[in-house]
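This is final06.txt (compact mmCIF, C-alpha atoms).
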# COMPACT_ATOMS: atom_id res chain seq x y z
CA MET A 1422 -1.92 -6.59 24.06
CA LYS A 1423 -0.99 -7.41 20.46
CA GLU A 1424 2.50 -8.74 19.90
CA LYS A 1425 3.34 -6.31 17.08
CA LEU A 1426 2.06 -2.78 17.49
CA TYR A 1427 1.45 0.09 15.08
CA ILE A 1428 3.03 3.10 16.76
CA ILE A 1429 3.13 6.73 15.65
CA ILE A 1430 5.87 8.89 17.18
CA VAL A 1431 5.62 12.64 16.72
CA GLY A 1432 8.97 14.43 17.04
CA CYS A 1433 12.23 12.80 15.95
CA GLY A 1434 14.53 14.54 18.42
CA ARG A 1435 16.82 12.72 20.85
CA LEU A 1436 13.95 11.06 22.75
CA GLY A 1437 11.70 10.38 19.75
CA SER A 1438 14.49 8.89 17.64
CA ALA A 1439 15.73 6.73 20.52
CA MET A 1440 12.22 5.34 21.03
CA GLY A 1441 11.79 4.88 17.28
CA ASN A 1442 15.06 2.97 16.99
CA HIS A 1443 14.28 0.80 19.99
CA LEU A 1444 10.69 -0.05 19.04
CA SER A 1445 11.57 -0.69 15.39
CA LEU A 1446 14.27 -3.13 16.48
CA LYS A 1447 11.63 -4.90 18.60
CA GLY A 1448 9.68 -5.50 15.38
CA HIS A 1449 6.87 -2.97 15.83
CA SER A 1450 5.55 -0.93 12.91
CA ILE A 1451 6.71 2.64 13.45
CA VAL A 1452 5.80 5.90 11.75
CA MET A 1453 7.97 8.87 12.75
CA ILE A 1454 6.58 12.33 12.03
CA ASP A 1455 8.69 15.48 12.18
CA LEU A 1456 8.48 18.97 10.69
CA LYS A 1457 11.99 18.67 9.26
CA SER A 1458 13.40 15.74 7.30
CA ASP A 1459 16.87 16.49 8.76
CA ALA A 1460 15.63 15.16 12.08
CA PHE A 1461 15.41 11.63 10.67
CA HIS A 1462 19.22 11.41 10.51
CA LYS A 1463 19.08 10.50 14.17
CA LEU A 1464 17.44 7.20 13.27
CA ASN A 1465 19.93 4.37 12.94
CA THR A 1466 20.48 2.19 9.89
CA GLU A 1467 18.48 -0.67 11.38
CA PHE A 1468 15.36 1.47 11.62
CA SER A 1469 12.70 -0.14 9.40
CA GLY A 1470 9.74 2.14 9.99
CA PHE A 1471 8.45 5.12 8.02
CA LYS A 1472 9.64 8.72 8.07
CA MET A 1473 7.03 11.37 7.38
CA GLU A 1474 7.86 15.03 7.03
CA GLY A 1475 4.88 17.12 8.15
CA ASP A 1476 3.00 18.99 10.84
CA ALA A 1477 1.28 16.46 13.08
CA THR A 1478 -1.21 19.05 14.34
CA GLU A 1479 -2.77 18.86 10.86
CA PHE A 1480 -5.46 16.21 10.52
CA SER A 1481 -4.40 15.34 6.99
CA VAL A 1482 -0.86 14.50 8.12
CA LEU A 1483 -2.16 12.18 10.83
CA GLN A 1484 -4.54 10.61 8.34
CA GLN A 1485 -1.70 10.01 5.89
CA ALA A 1486 0.14 8.30 8.74
CA LYS A 1487 -2.93 6.00 8.92
CA ILE A 1488 -3.65 7.06 12.49
CA GLU A 1489 -6.89 5.10 12.49
CA LYS A 1490 -4.80 1.91 12.59
CA ALA A 1491 -2.50 3.09 15.39
CA ASP A 1492 -2.31 1.19 18.68
CA ILE A 1493 -0.19 3.89 20.30
CA LEU A 1494 0.65 7.53 19.64
CA MET A 1495 3.48 9.27 21.47
CA SER A 1496 3.95 12.99 21.04
CA LEU A 1497 7.54 13.69 22.05
CA THR A 1498 8.48 17.03 20.47
CA ASP A 1499 10.20 19.72 22.57
CA ASP A 1500 7.07 21.88 22.44
CA ASP A 1501 4.54 21.15 25.22
CA ASN A 1502 1.69 22.85 23.40
CA ILE A 1503 2.20 20.86 20.22
CA ASN A 1504 2.45 17.62 22.17
CA ILE A 1505 -0.76 18.26 24.04
CA MET A 1506 -2.60 19.31 20.91
CA VAL A 1507 -1.50 16.23 18.95
CA ALA A 1508 -2.32 13.97 21.89
CA GLN A 1509 -5.77 15.49 22.21
CA ILE A 1510 -6.51 15.12 18.49
CA ALA A 1511 -5.34 11.50 18.58
CA GLN A 1512 -7.40 10.66 21.66
CA LYS A 1513 -10.57 12.68 21.22
CA PHE A 1514 -10.93 12.80 17.45
CA PHE A 1515 -9.38 9.56 16.24
CA GLY A 1516 -10.17 7.55 19.38
CA ILE A 1517 -6.63 6.18 19.87
CA LYS A 1518 -6.67 4.45 23.26
CA LYS A 1519 -3.03 4.68 24.22
CA VAL A 1520 -1.74 8.21 23.83
CA ILE A 1521 1.05 9.97 25.71
CA ALA A 1522 2.39 13.54 25.56
CA ARG A 1523 5.79 14.72 26.71
CA ILE A 1524 5.44 17.77 28.96
CA VAL A 1525 8.58 19.66 29.93
CA ASP A 1526 6.83 22.21 32.17
CA PRO A 1527 5.66 20.36 35.33
CA LEU A 1528 3.13 23.10 36.10
CA LYS A 1529 1.18 22.19 33.00
CA GLN A 1530 1.11 18.50 33.81
CA THR A 1531 -1.77 18.66 36.31
CA ILE A 1532 -3.92 20.53 33.80
CA TYR A 1533 -3.37 17.83 31.24
CA ALA A 1534 -3.98 15.08 33.75
CA ASP A 1535 -7.38 16.73 34.32
CA LEU A 1536 -8.04 16.38 30.59
CA GLY A 1537 -7.58 12.65 31.00
CA LEU A 1538 -4.34 12.51 29.00
CA ASP A 1539 -1.26 10.49 29.94
CA THR A 1540 1.82 12.66 30.17
CA ILE A 1541 5.48 12.20 30.87
CA SER A 1542 7.66 14.98 32.25
CA PRO A 1543 11.43 14.61 31.91
CA THR A 1544 11.74 17.49 34.42
CA LEU A 1545 9.76 15.67 37.11
CA ILE A 1546 11.54 12.37 36.46
CA THR A 1547 14.92 14.09 36.83
CA GLN A 1548 13.73 15.91 39.94
CA ASP A 1549 12.56 12.62 41.52
CA PHE A 1550 15.87 11.00 40.70
CA LEU A 1551 17.90 13.83 42.17
CA GLN A 1552 15.84 13.89 45.37
CA THR A 1553 16.35 10.15 45.85
CA TRP A 1554 20.05 10.52 45.05
CA ILE A 1555 20.49 13.27 47.68
CA THR A 1556 18.79 11.27 50.43
CA LYS A 1557 21.02 8.25 49.67
CA GLY A 1558 23.85 10.25 51.30
CA MET B 679 18.04 -24.63 -9.23
CA SER B 680 15.91 -23.06 -6.54
CA ASN B 681 12.19 -22.76 -7.27
CA LYS B 682 11.59 -20.18 -4.57
CA THR B 683 9.51 -17.16 -5.53
CA LYS B 684 11.94 -14.45 -6.68
CA ILE B 685 11.18 -10.95 -5.47
CA LEU B 686 12.96 -7.68 -6.29
CA ILE B 687 12.41 -4.60 -4.12
CA VAL B 688 13.32 -1.21 -5.57
CA ASP B 689 13.27 1.82 -3.25
CA ASP B 690 15.78 4.55 -2.48
CA GLU B 691 14.84 4.61 1.21
CA LYS B 692 16.90 2.15 3.17
CA ASN B 693 14.31 1.77 5.91
CA ILE B 694 11.68 0.63 3.37
CA LEU B 695 14.09 -1.85 1.79
CA THR B 696 14.89 -3.19 5.27
CA LEU B 697 11.22 -3.51 6.22
CA LEU B 698 10.26 -5.34 3.02
CA LYS B 699 13.34 -7.55 3.01
CA LYS B 700 12.93 -8.49 6.65
CA THR B 701 9.28 -9.38 6.16
CA LEU B 702 9.80 -11.37 2.97
CA ASP B 703 12.96 -13.15 4.17
CA HIS B 704 10.87 -14.59 7.00
CA MET B 705 8.52 -16.02 4.38
CA ASP B 706 11.40 -17.89 2.74
CA TYR B 707 11.41 -16.11 -0.62
CA ASP B 708 14.45 -15.30 -2.72
CA VAL B 709 14.66 -11.52 -2.12
CA SER B 710 16.93 -8.98 -3.85
CA THR B 711 17.01 -5.23 -3.36
CA ALA B 712 18.02 -2.21 -5.42
CA GLU B 713 18.16 1.39 -4.22
CA ASP B 714 18.02 3.09 -7.62
CA GLY B 715 16.64 2.62 -11.11
CA ASN B 716 19.88 1.62 -12.81
CA LYS B 717 20.59 -1.14 -10.31
CA ALA B 718 16.99 -2.29 -10.69
CA LEU B 719 17.38 -2.59 -14.45
CA THR B 720 20.62 -4.54 -14.06
CA HIS B 721 18.84 -6.97 -11.72
CA LEU B 722 15.91 -7.27 -14.10
CA GLN B 723 18.21 -8.03 -17.05
CA LYS B 724 20.08 -10.73 -15.16
CA GLU B 725 17.14 -12.50 -13.48
CA ASP B 726 13.52 -13.36 -14.13
CA TYR B 727 11.63 -12.12 -11.08
CA ASP B 728 8.14 -13.23 -10.09
CA ILE B 729 7.27 -10.10 -8.14
CA LEU B 730 8.66 -6.56 -8.25
CA PHE B 731 8.00 -3.97 -5.54
CA LEU B 732 8.67 -0.63 -7.20
CA ASP B 733 8.89 2.87 -5.74
CA LEU B 734 8.01 5.48 -8.36
CA ASN B 735 10.25 8.22 -6.94
CA LEU B 736 13.77 7.01 -7.62
CA PRO B 737 16.83 9.26 -7.80
CA ASP B 738 17.95 8.35 -11.33
CA ILE B 739 15.48 6.56 -13.60
CA THR B 740 11.87 7.01 -12.50
CA GLY B 741 9.78 4.02 -11.54
CA MET B 742 7.38 4.98 -14.31
CA GLU B 743 10.17 4.66 -16.86
CA ILE B 744 11.07 1.22 -15.54
CA LEU B 745 7.41 0.27 -15.89
CA GLN B 746 7.36 1.50 -19.47
CA ARG B 747 10.45 -0.55 -20.32
CA LEU B 748 8.96 -3.64 -18.68
CA SER B 749 5.64 -3.19 -20.46
CA ARG B 750 7.40 -3.96 -23.76
CA GLN B 751 8.57 -7.32 -22.42
CA GLN B 752 6.67 -10.55 -22.93
CA GLN B 753 7.76 -12.13 -19.67
CA LYS B 754 7.58 -9.69 -16.79
CA PRO B 755 7.11 -9.84 -13.04
CA ASP B 756 3.91 -8.91 -11.25
CA ILE B 757 4.57 -5.30 -10.33
CA VAL B 758 3.45 -3.77 -7.03
CA ILE B 759 3.85 0.00 -6.80
CA ILE B 760 4.99 1.57 -3.52
CA THR B 761 3.22 4.91 -3.29
CA ALA B 762 3.93 7.99 -1.19
CA PHE B 763 1.96 8.96 1.91
CA GLY B 764 -1.59 9.84 0.94
CA ASN B 765 -0.89 9.79 -2.79
CA ILE B 766 -2.39 7.24 -5.14
CA ASP B 767 -2.60 9.36 -8.31
CA ASN B 768 0.63 7.94 -9.69
CA ALA B 769 -0.42 4.45 -8.70
CA VAL B 770 -3.46 4.72 -10.95
CA GLU B 771 -1.21 5.79 -13.84
CA ALA B 772 1.12 2.89 -13.04
CA MET B 773 -1.75 0.39 -13.05
CA LYS B 774 -2.56 1.53 -16.58
CA LEU B 775 1.05 0.67 -17.51
CA GLY B 776 0.60 -2.86 -16.23
CA ALA B 777 1.26 -2.74 -12.49
CA VAL B 778 -1.04 -5.21 -10.76
CA ASP B 779 -1.32 -3.68 -7.32
CA PHE B 780 -0.04 -0.92 -5.06
CA ILE B 781 0.76 -0.46 -1.39
CA GLN B 782 0.54 2.94 0.17
CA LYS B 783 3.04 4.15 2.76
CA PRO B 784 2.99 3.58 5.67
CA PHE B 785 2.29 -0.15 5.38
CA THR B 786 2.67 -3.03 7.80
CA PRO B 787 4.36 -6.42 7.41
CA ASP B 788 0.88 -8.00 7.37
CA GLN B 789 -0.09 -5.94 4.33
CA ILE B 790 3.07 -6.96 2.51
CA ARG B 791 2.51 -10.62 3.34
CA SER B 792 -1.09 -10.63 2.14
CA THR B 793 -0.16 -8.77 -1.07
CA VAL B 794 2.53 -11.33 -1.89
CA LEU B 795 0.34 -14.30 -1.01
CA LYS B 796 -2.47 -12.95 -3.20
CA LEU B 797 -0.09 -12.60 -6.15
CA ILE B 798 1.40 -16.05 -5.69
CA GLU B 799 -2.06 -17.58 -5.42
CA ARG B 800 -3.05 -15.87 -8.64
CA ARG B 801 0.14 -17.06 -10.35
CA ASN B 802 -0.50 -20.65 -9.28
CA PHE B 803 -4.07 -20.29 -10.42
CA ALA B 804 -2.84 -19.16 -13.82
CA LEU B 805 -0.62 -22.25 -14.04
CA ASN B 806 -3.70 -24.47 -13.95
CA ASP B 807 -4.77 -22.81 -17.11
CA THR B 808 -8.32 -22.65 -18.36
CA SER B 809 -9.37 -24.96 -21.14
CA ASN B 810 -12.93 -23.90 -21.94
CA TYR B 811 -15.31 -20.94 -22.00
CA ASP B 812 -16.82 -21.46 -18.52
CA GLN B 813 -13.44 -21.75 -16.80
CA SER B 814 -12.11 -18.66 -18.56
CA ILE B 815 -15.11 -16.50 -17.74
CA GLU B 816 -15.04 -17.75 -14.15
CA MET B 817 -11.37 -16.79 -13.90
CA ALA B 818 -12.12 -13.35 -15.35
CA LYS B 819 -14.81 -12.85 -12.68
CA LYS B 820 -12.51 -13.94 -9.86
CA LEU B 821 -9.70 -11.67 -11.04
CA MET B 822 -12.14 -8.78 -11.37
CA LYS B 823 -13.28 -9.35 -7.81
CA ASP B 824 -9.63 -9.14 -6.71
CA GLY B 825 -9.26 -5.88 -8.62
CA LEU B 826 -6.77 -7.47 -11.08
CA TYR B 827 -8.39 -5.96 -14.16
CA LYS B 828 -5.59 -6.39 -16.64
CA GLN B 829 -5.45 -10.15 -16.04
CA ALA B 830 -9.25 -10.34 -15.94
CA GLY B 831 -9.25 -8.78 -19.43
CA ASP B 832 -6.88 -11.47 -20.71
CA TYR B 833 -9.23 -14.20 -19.49
CA ALA B 834 -12.33 -12.47 -20.86
CA GLN B 835 -10.53 -12.41 -24.22
CA LYS B 836 -9.71 -16.10 -23.82
CA ALA B 837 -13.37 -16.86 -23.08
CA ILE B 838 -14.32 -15.03 -26.28
CA ASP B 839 -11.80 -17.12 -28.22
CA PHE B 840 -13.45 -20.29 -26.91
CA MET B 841 -16.97 -19.12 -27.72
CA PRO B 842 -17.08 -16.10 -30.04
CA SER B 843 -20.86 -16.43 -30.43
CA ASN B 844 -21.60 -15.74 -26.74
CA PRO B 845 -22.29 -12.05 -26.00
CA GLU B 846 -21.45 -12.48 -22.30
CA GLY B 847 -17.68 -12.66 -22.99
CA TYR B 848 -17.76 -9.39 -24.92
CA ASN B 849 -19.85 -7.76 -22.21
CA TYR B 850 -17.27 -8.75 -19.60
CA LEU B 851 -14.42 -7.53 -21.73
CA GLY B 852 -16.26 -4.25 -22.24
CA ALA B 853 -16.84 -3.84 -18.50
CA ILE B 854 -13.17 -4.49 -17.72
CA LEU B 855 -12.02 -2.06 -20.40
CA GLU B 856 -14.46 0.54 -19.12
CA ILE B 857 -13.18 0.18 -15.55
CA ARG B 858 -9.63 0.54 -16.85
CA GLY B 859 -10.61 3.75 -18.64
CA ASP B 860 -10.33 2.40 -22.20
CA LEU B 861 -13.73 3.69 -23.29
CA LYS B 862 -13.20 3.38 -27.04
CA ASN B 863 -12.51 -0.35 -26.92
CA ALA B 864 -15.15 -0.84 -24.20
CA ILE B 865 -17.82 0.61 -26.54
CA GLU B 866 -16.57 -1.65 -29.32
CA ALA B 867 -16.85 -4.73 -27.08
CA TYR B 868 -20.38 -3.80 -25.94
CA GLN B 869 -21.37 -3.17 -29.56
CA THR B 870 -20.09 -6.59 -30.58
CA ALA B 871 -22.10 -8.22 -27.77
CA CYS B 872 -25.23 -6.37 -28.92
CA HIS B 873 -24.54 -7.33 -32.50
CA ILE B 874 -24.31 -11.04 -31.58
CA ASP B 875 -27.54 -10.90 -29.59
CA PRO B 876 -29.57 -7.68 -29.77
CA LYS B 877 -31.75 -8.97 -26.91
CA TYR B 878 -28.81 -9.38 -24.49
CA GLU B 879 -29.81 -6.86 -21.83
CA PRO B 880 -26.54 -6.30 -19.85
CA ALA B 881 -24.56 -5.27 -22.92
CA ARG B 882 -27.39 -3.12 -24.25
CA LYS B 883 -27.62 -1.26 -20.92
CA ASN B 884 -23.85 -0.84 -20.69
CA LEU B 885 -23.67 0.51 -24.21
CA GLU B 886 -26.54 2.88 -23.53
CA SER B 887 -24.99 4.36 -20.42
CA ILE B 888 -21.33 4.45 -21.57
CA THR B 889 -22.40 6.70 -24.42
CA LYS B 890 -24.34 9.03 -22.08
CA LEU B 891 -22.62 12.09 -20.64
CA HIS B 892 -23.21 11.15 -16.99
CA ARG B 893 -21.91 7.71 -16.36
CA ASN B 894 -22.77 7.51 -12.68
CA ARG B 895 -23.99 3.96 -12.50
CA ASP B 896 -23.19 0.33 -11.89
CA ILE B 897 -21.81 -1.77 -14.70
CA GLU B 898 -24.13 -4.68 -15.64
CA LEU B 899 -22.36 -7.99 -15.33
CA ASP B 900 -25.15 -10.57 -15.27
CA MET B 901 -23.84 -11.87 -11.94
CA SER B 902 -26.74 -14.34 -11.74
CA LYS B 903 -24.55 -16.69 -13.73
CA LEU B 904 -21.81 -16.64 -11.10
CA LYS B 905 -21.14 -20.11 -9.76
Please express the file's structure as structure tokens.
Amino acid sequence: MKEKLYIIIVGCGRLGSAMGNHLSLKGHSIVMIDLKSDAFHKLNTEFSGFKMEGDATEFSVLQQAKIEKADILMSLTDDDNINIMVAQIAQKFFGIKKVIARIVDPLKQTIYADLGLDTISPTLITQDFLQTWITKG
Amino acid sequence: MSNKTKILIVDDEKNILTLLKKTLDHMDYDVSTAEDGNKALTHLQKEDYDILFLDLNLPDITGMEILQRLSRQQQKPDIVIITAFGNIDNAVEAMKLGAVDFIQKPFTPDQIRSTVLKLIERRNFALNDTSNYDQSIEMAKKLMKDGLYKQAGDYAQKAIDFMPSNPEGYNYLGAILEIRGDLKNAIEAYQTACHIDPKYEPARKNLESITKLHRNRDIELDMSKLK
């Protein structure tokens, strides 16, 4: 893998902004996309990527973010449907190899796995953690 | 006194200033930043910069206004415009006011590095100045290939000064002016080339097509003479 990656993060909420801050500090090129510019206030002062206000389900917005150059796209908004749509566009239409969508509803996760998309479910991760924690006694 | 390349970055977005500064600091340049137009002008009055990265959307004085002020100066930095996502319309306007290049958001450190290196190379090239017609026309061709039309025009003019009887220089100047959208002077340059040598094909063809309504064509440059 390349040392410095071009990463697009859709959704600048708590998770998106934390990833953006972390990856920017590591020296990667980051483009954050969010519907509202207010969301970018969560990025810290050391953040040296780009902030784009726009709807990432629109092709033109992804094109303006230069998606064709992206090594990774992470769709981390709080809306499962948007995440899955953006991830599908990135993977199927723009051919981005490494794409991940955040899925809050675990029931939907198997469907998306069938579509060949990588997903991450905070609900399942928390559930796993709690189950392990209970059995620890 | 330090002879490091002096670069000024003007942008109201802190993250862009940080990205550019971080990238250029690593390359060992003397980098200053300004987050609005007034601070930029203060910097520009105090120091002679080699390169200026300029955002056009500033909160106080617009980048375009700064460009206009700089265009009146004899000695000015090479200006690179920072353009908004998916928008190069303003950049084209800015190039007409003397900006030499533009970078479109979002850009990567690699893009910044190669832009700066290209400008420094061209500056060094200009230091070894041309002393005859062939060198000047060669320089004009190289600069044209790099898309640096304003500078290419200066060298085409220099070539003409060395050899006013050669139609090729006027044809080049015409082509550069045409690309830059200065059709009136482009026609004049082509006409002069044709006047010097009515049999000089490239200029005749250029003149013919520039005066037609549909100018969908390649500009004749007589590239066979390229070294």
Selection near range 1474-1488 of chain A, 6 Å with all atoms listed in the file, sequence-local residues under 6 positions removed, as a count of residues only: 8
Residue with smallest distance to Leu1446 in chain A - pool A:Cys1433, A:Leu1464, A:Leu1538, A:Asp1459, counting only C-alpha atoms: A:Leu1464
Residues of chain B within 12 Å of chain A, counting only C-alpha atoms, as a PyMOL selection string: chain B and resi 691-701+761-766+782-789
I need the residues from that last selection saved to file as a PDB file, in the coordinates of the input (with C-alpha atoms), if you can.
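Output contents, as saved in part-v1.pdb:
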ATOM      1  CA  GLU B 691      14.840   4.610   1.210  1.00  0.00           C
ATOM      2  CA  LYS B 692      16.900   2.150   3.170  1.00  0.00           C
ATOM      3  CA  ASN B 693      14.310   1.770   5.910  1.00  0.00           C
ATOM      4  CA  ILE B 694      11.680   0.630   3.370  1.00  0.00           C
ATOM      5  CA  LEU B 695      14.090  -1.850   1.790  1.00  0.00           C
ATOM      6  CA  THR B 696      14.890  -3.190   5.270  1.00  0.00           C
ATOM      7  CA  LEU B 697      11.220  -3.510   6.220  1.00  0.00           C
ATOM      8  CA  LEU B 698      10.260  -5.340   3.020  1.00  0.00           C
ATOM      9  CA  LYS B 699      13.340  -7.550   3.010  1.00  0.00           C
ATOM     10  CA  LYS B 700      12.930  -8.490   6.650  1.00  0.00           C
ATOM     11  CA  THR B 701       9.280  -9.380   6.160  1.00  0.00           C
ATOM     12  CA  THR B 761       3.220   4.910  -3.290  1.00  0.00           C
ATOM     13  CA  ALA B 762       3.930   7.990  -1.190  1.00  0.00           C
ATOM     14  CA  PHE B 763       1.960   8.960   1.910  1.00  0.00           C
ATOM     15  CA  GLY B 764      -1.590   9.840   0.940  1.00  0.00           C
ATOM     16  CA  ASN B 765      -0.890   9.790  -2.790  1.00  0.00           C
ATOM     17  CA  ILE B 766      -2.390   7.240  -5.140  1.00  0.00           C
ATOM     18  CA  GLN B 782       0.540   2.940   0.170  1.00  0.00           C
ATOM     19  CA  LYS B 783       3.040   4.150   2.760  1.00  0.00           C
ATOM     20  CA  PRO B 784       2.990   3.580   5.670  1.00  0.00           C
ATOM     21  CA  PHE B 785       2.290  -0.150   5.380  1.00  0.00           C
ATOM     22  CA  THR B 786       2.670  -3.030   7.800  1.00  0.00           C
ATOM     23  CA  PRO B 787       4.360  -6.420   7.410  1.00  0.00           C
ATOM     24  CA  ASP B 788       0.880  -8.000   7.370  1.00  0.00           C
ATOM     25  CA  GLN B 789      -0.090  -5.940   4.330  1.00  0.00           C
TER      26      GLN B 789
END
Interatomic distance, CA of Lys682 in chain B to CA of Tyr707 in chain B (Å, one decimal):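 Separation of CA of Lys682 in chain B and CA of Tyr707 in chain B: 5.7 Å.
Taking CA of Ala818 in chain B and CA of Ile865 in chain B as the two end points, the separation is 18.8 Å.
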Taking all atoms of range 1448-1464 of chain A that the file lists and extending 4 Å past them on each side, where is the centre of the axis-aligned box and how long are its edges? Answer in Å to one decimal, as JSON.
{"center_x": 12.4, "center_y": 6.7, "center_z": 11.6, "size_x": 21.7, "size_y": 32.5, "size_z": 16.5}
CA of Ile1505 in chain A to CA of Ala1439 in chain A, straight-line distance in Å: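 Value for the CA of Ala1439 in chain A-CA of Ile1505 in chain A distance: 20.4 Å.
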Any chance you could model all heavy atoms for range 868-875 of chain B and send them as a PDB file, in the coordinates of the input?
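As written to disk, result_27.pdb reads:
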ATOM      1  N   TYR B 868     -18.926  -3.779 -26.205  1.00  0.00           N
ATOM      2  CA  TYR B 868     -20.380  -3.800 -25.940  1.00  0.00           C
ATOM      3  C   TYR B 868     -21.159  -3.903 -27.261  1.00  0.00           C
ATOM      4  O   TYR B 868     -22.147  -4.638 -27.369  1.00  0.00           O
ATOM      5  CB  TYR B 868     -20.818  -2.522 -25.212  1.00  0.00           C
ATOM      6  CG  TYR B 868     -20.333  -2.401 -23.778  1.00  0.00           C
ATOM      7  CD1 TYR B 868     -19.963  -1.159 -23.265  1.00  0.00           C
ATOM      8  CD2 TYR B 868     -20.277  -3.509 -22.923  1.00  0.00           C
ATOM      9  CE1 TYR B 868     -19.531  -1.009 -21.948  1.00  0.00           C
ATOM     10  CE2 TYR B 868     -19.839  -3.371 -21.608  1.00  0.00           C
ATOM     11  CZ  TYR B 868     -19.470  -2.120 -21.127  1.00  0.00           C
ATOM     12  OH  TYR B 868     -19.049  -1.975 -19.835  1.00  0.00           O
ATOM     13  N   GLN B 869     -20.678  -3.157 -28.255  1.00  0.00           N
ATOM     14  CA  GLN B 869     -21.370  -3.170 -29.560  1.00  0.00           C
ATOM     15  C   GLN B 869     -21.347  -4.570 -30.173  1.00  0.00           C
ATOM     16  O   GLN B 869     -22.350  -5.037 -30.714  1.00  0.00           O
ATOM     17  CB  GLN B 869     -20.702  -2.184 -30.529  1.00  0.00           C
ATOM     18  CG  GLN B 869     -21.160  -0.749 -30.304  1.00  0.00           C
ATOM     19  CD  GLN B 869     -20.358   0.255 -31.116  1.00  0.00           C
ATOM     20  OE1 GLN B 869     -19.232  -0.031 -31.535  1.00  0.00           O
ATOM     21  NE2 GLN B 869     -20.926   1.438 -31.316  1.00  0.00           N
ATOM     22  N   THR B 870     -20.193  -5.239 -30.035  1.00  0.00           N
ATOM     23  CA  THR B 870     -20.090  -6.590 -30.580  1.00  0.00           C
ATOM     24  C   THR B 870     -21.077  -7.517 -29.884  1.00  0.00           C
ATOM     25  O   THR B 870     -21.761  -8.327 -30.525  1.00  0.00           O
ATOM     26  CB  THR B 870     -18.647  -7.133 -30.425  1.00  0.00           C
ATOM     27  OG1 THR B 870     -17.752  -6.136 -30.873  1.00  0.00           O
ATOM     28  CG2 THR B 870     -18.430  -8.411 -31.180  1.00  0.00           C
ATOM     29  N   ALA B 871     -21.165  -7.379 -28.531  1.00  0.00           N
ATOM     30  CA  ALA B 871     -22.100  -8.220 -27.770  1.00  0.00           C
ATOM     31  C   ALA B 871     -23.528  -7.976 -28.260  1.00  0.00           C
ATOM     32  O   ALA B 871     -24.297  -8.928 -28.462  1.00  0.00           O
ATOM     33  CB  ALA B 871     -21.977  -7.913 -26.281  1.00  0.00           C
ATOM     34  N   CYS B 872     -23.872  -6.718 -28.460  1.00  0.00           N
ATOM     35  CA  CYS B 872     -25.230  -6.370 -28.920  1.00  0.00           C
ATOM     36  C   CYS B 872     -25.474  -6.882 -30.338  1.00  0.00           C
ATOM     37  O   CYS B 872     -26.581  -7.275 -30.679  1.00  0.00           O
ATOM     38  CB  CYS B 872     -25.438  -4.858 -28.892  1.00  0.00           C
ATOM     39  SG  CYS B 872     -25.510  -4.212 -27.233  1.00  0.00           S
ATOM     40  N   HIS B 873     -24.419  -6.862 -31.137  1.00  0.00           N
ATOM     41  CA  HIS B 873     -24.540  -7.330 -32.500  1.00  0.00           C
ATOM     42  C   HIS B 873     -24.806  -8.839 -32.533  1.00  0.00           C
ATOM     43  O   HIS B 873     -25.628  -9.325 -33.310  1.00  0.00           O
ATOM     44  CB  HIS B 873     -23.244  -7.001 -33.256  1.00  0.00           C
ATOM     45  CG  HIS B 873     -23.283  -7.365 -34.695  1.00  0.00           C
ATOM     46  ND1 HIS B 873     -24.022  -6.665 -35.614  1.00  0.00           N
ATOM     47  CD2 HIS B 873     -22.683  -8.386 -35.373  1.00  0.00           C
ATOM     48  CE1 HIS B 873     -23.877  -7.233 -36.797  1.00  0.00           C
ATOM     49  NE2 HIS B 873     -23.065  -8.279 -36.672  1.00  0.00           N
ATOM     50  N   ILE B 874     -24.117  -9.579 -31.638  1.00  0.00           N
ATOM     51  CA  ILE B 874     -24.310 -11.040 -31.580  1.00  0.00           C
ATOM     52  C   ILE B 874     -25.750 -11.351 -31.149  1.00  0.00           C
ATOM     53  O   ILE B 874     -26.413 -12.204 -31.702  1.00  0.00           O
ATOM     54  CB  ILE B 874     -23.297 -11.681 -30.596  1.00  0.00           C
ATOM     55  CG1 ILE B 874     -21.883 -11.539 -31.156  1.00  0.00           C
ATOM     56  CG2 ILE B 874     -23.625 -13.138 -30.330  1.00  0.00           C
ATOM     57  CD1 ILE B 874     -20.799 -11.864 -30.152  1.00  0.00           C
ATOM     58  N   ASP B 875     -26.185 -10.657 -30.086  1.00  0.00           N
ATOM     59  CA  ASP B 875     -27.540 -10.900 -29.590  1.00  0.00           C
ATOM     60  C   ASP B 875     -28.181  -9.564 -29.187  1.00  0.00           C
ATOM     61  O   ASP B 875     -27.950  -9.068 -28.091  1.00  0.00           O
ATOM     62  CB  ASP B 875     -27.485 -11.858 -28.384  1.00  0.00           C
ATOM     63  CG  ASP B 875     -28.875 -12.143 -27.841  1.00  0.00           C
ATOM     64  OD1 ASP B 875     -29.860 -11.622 -28.417  1.00  0.00           O
ATOM     65  OD2 ASP B 875     -28.973 -12.885 -26.841  1.00  0.00           O
TER      66      ASP B 875
END
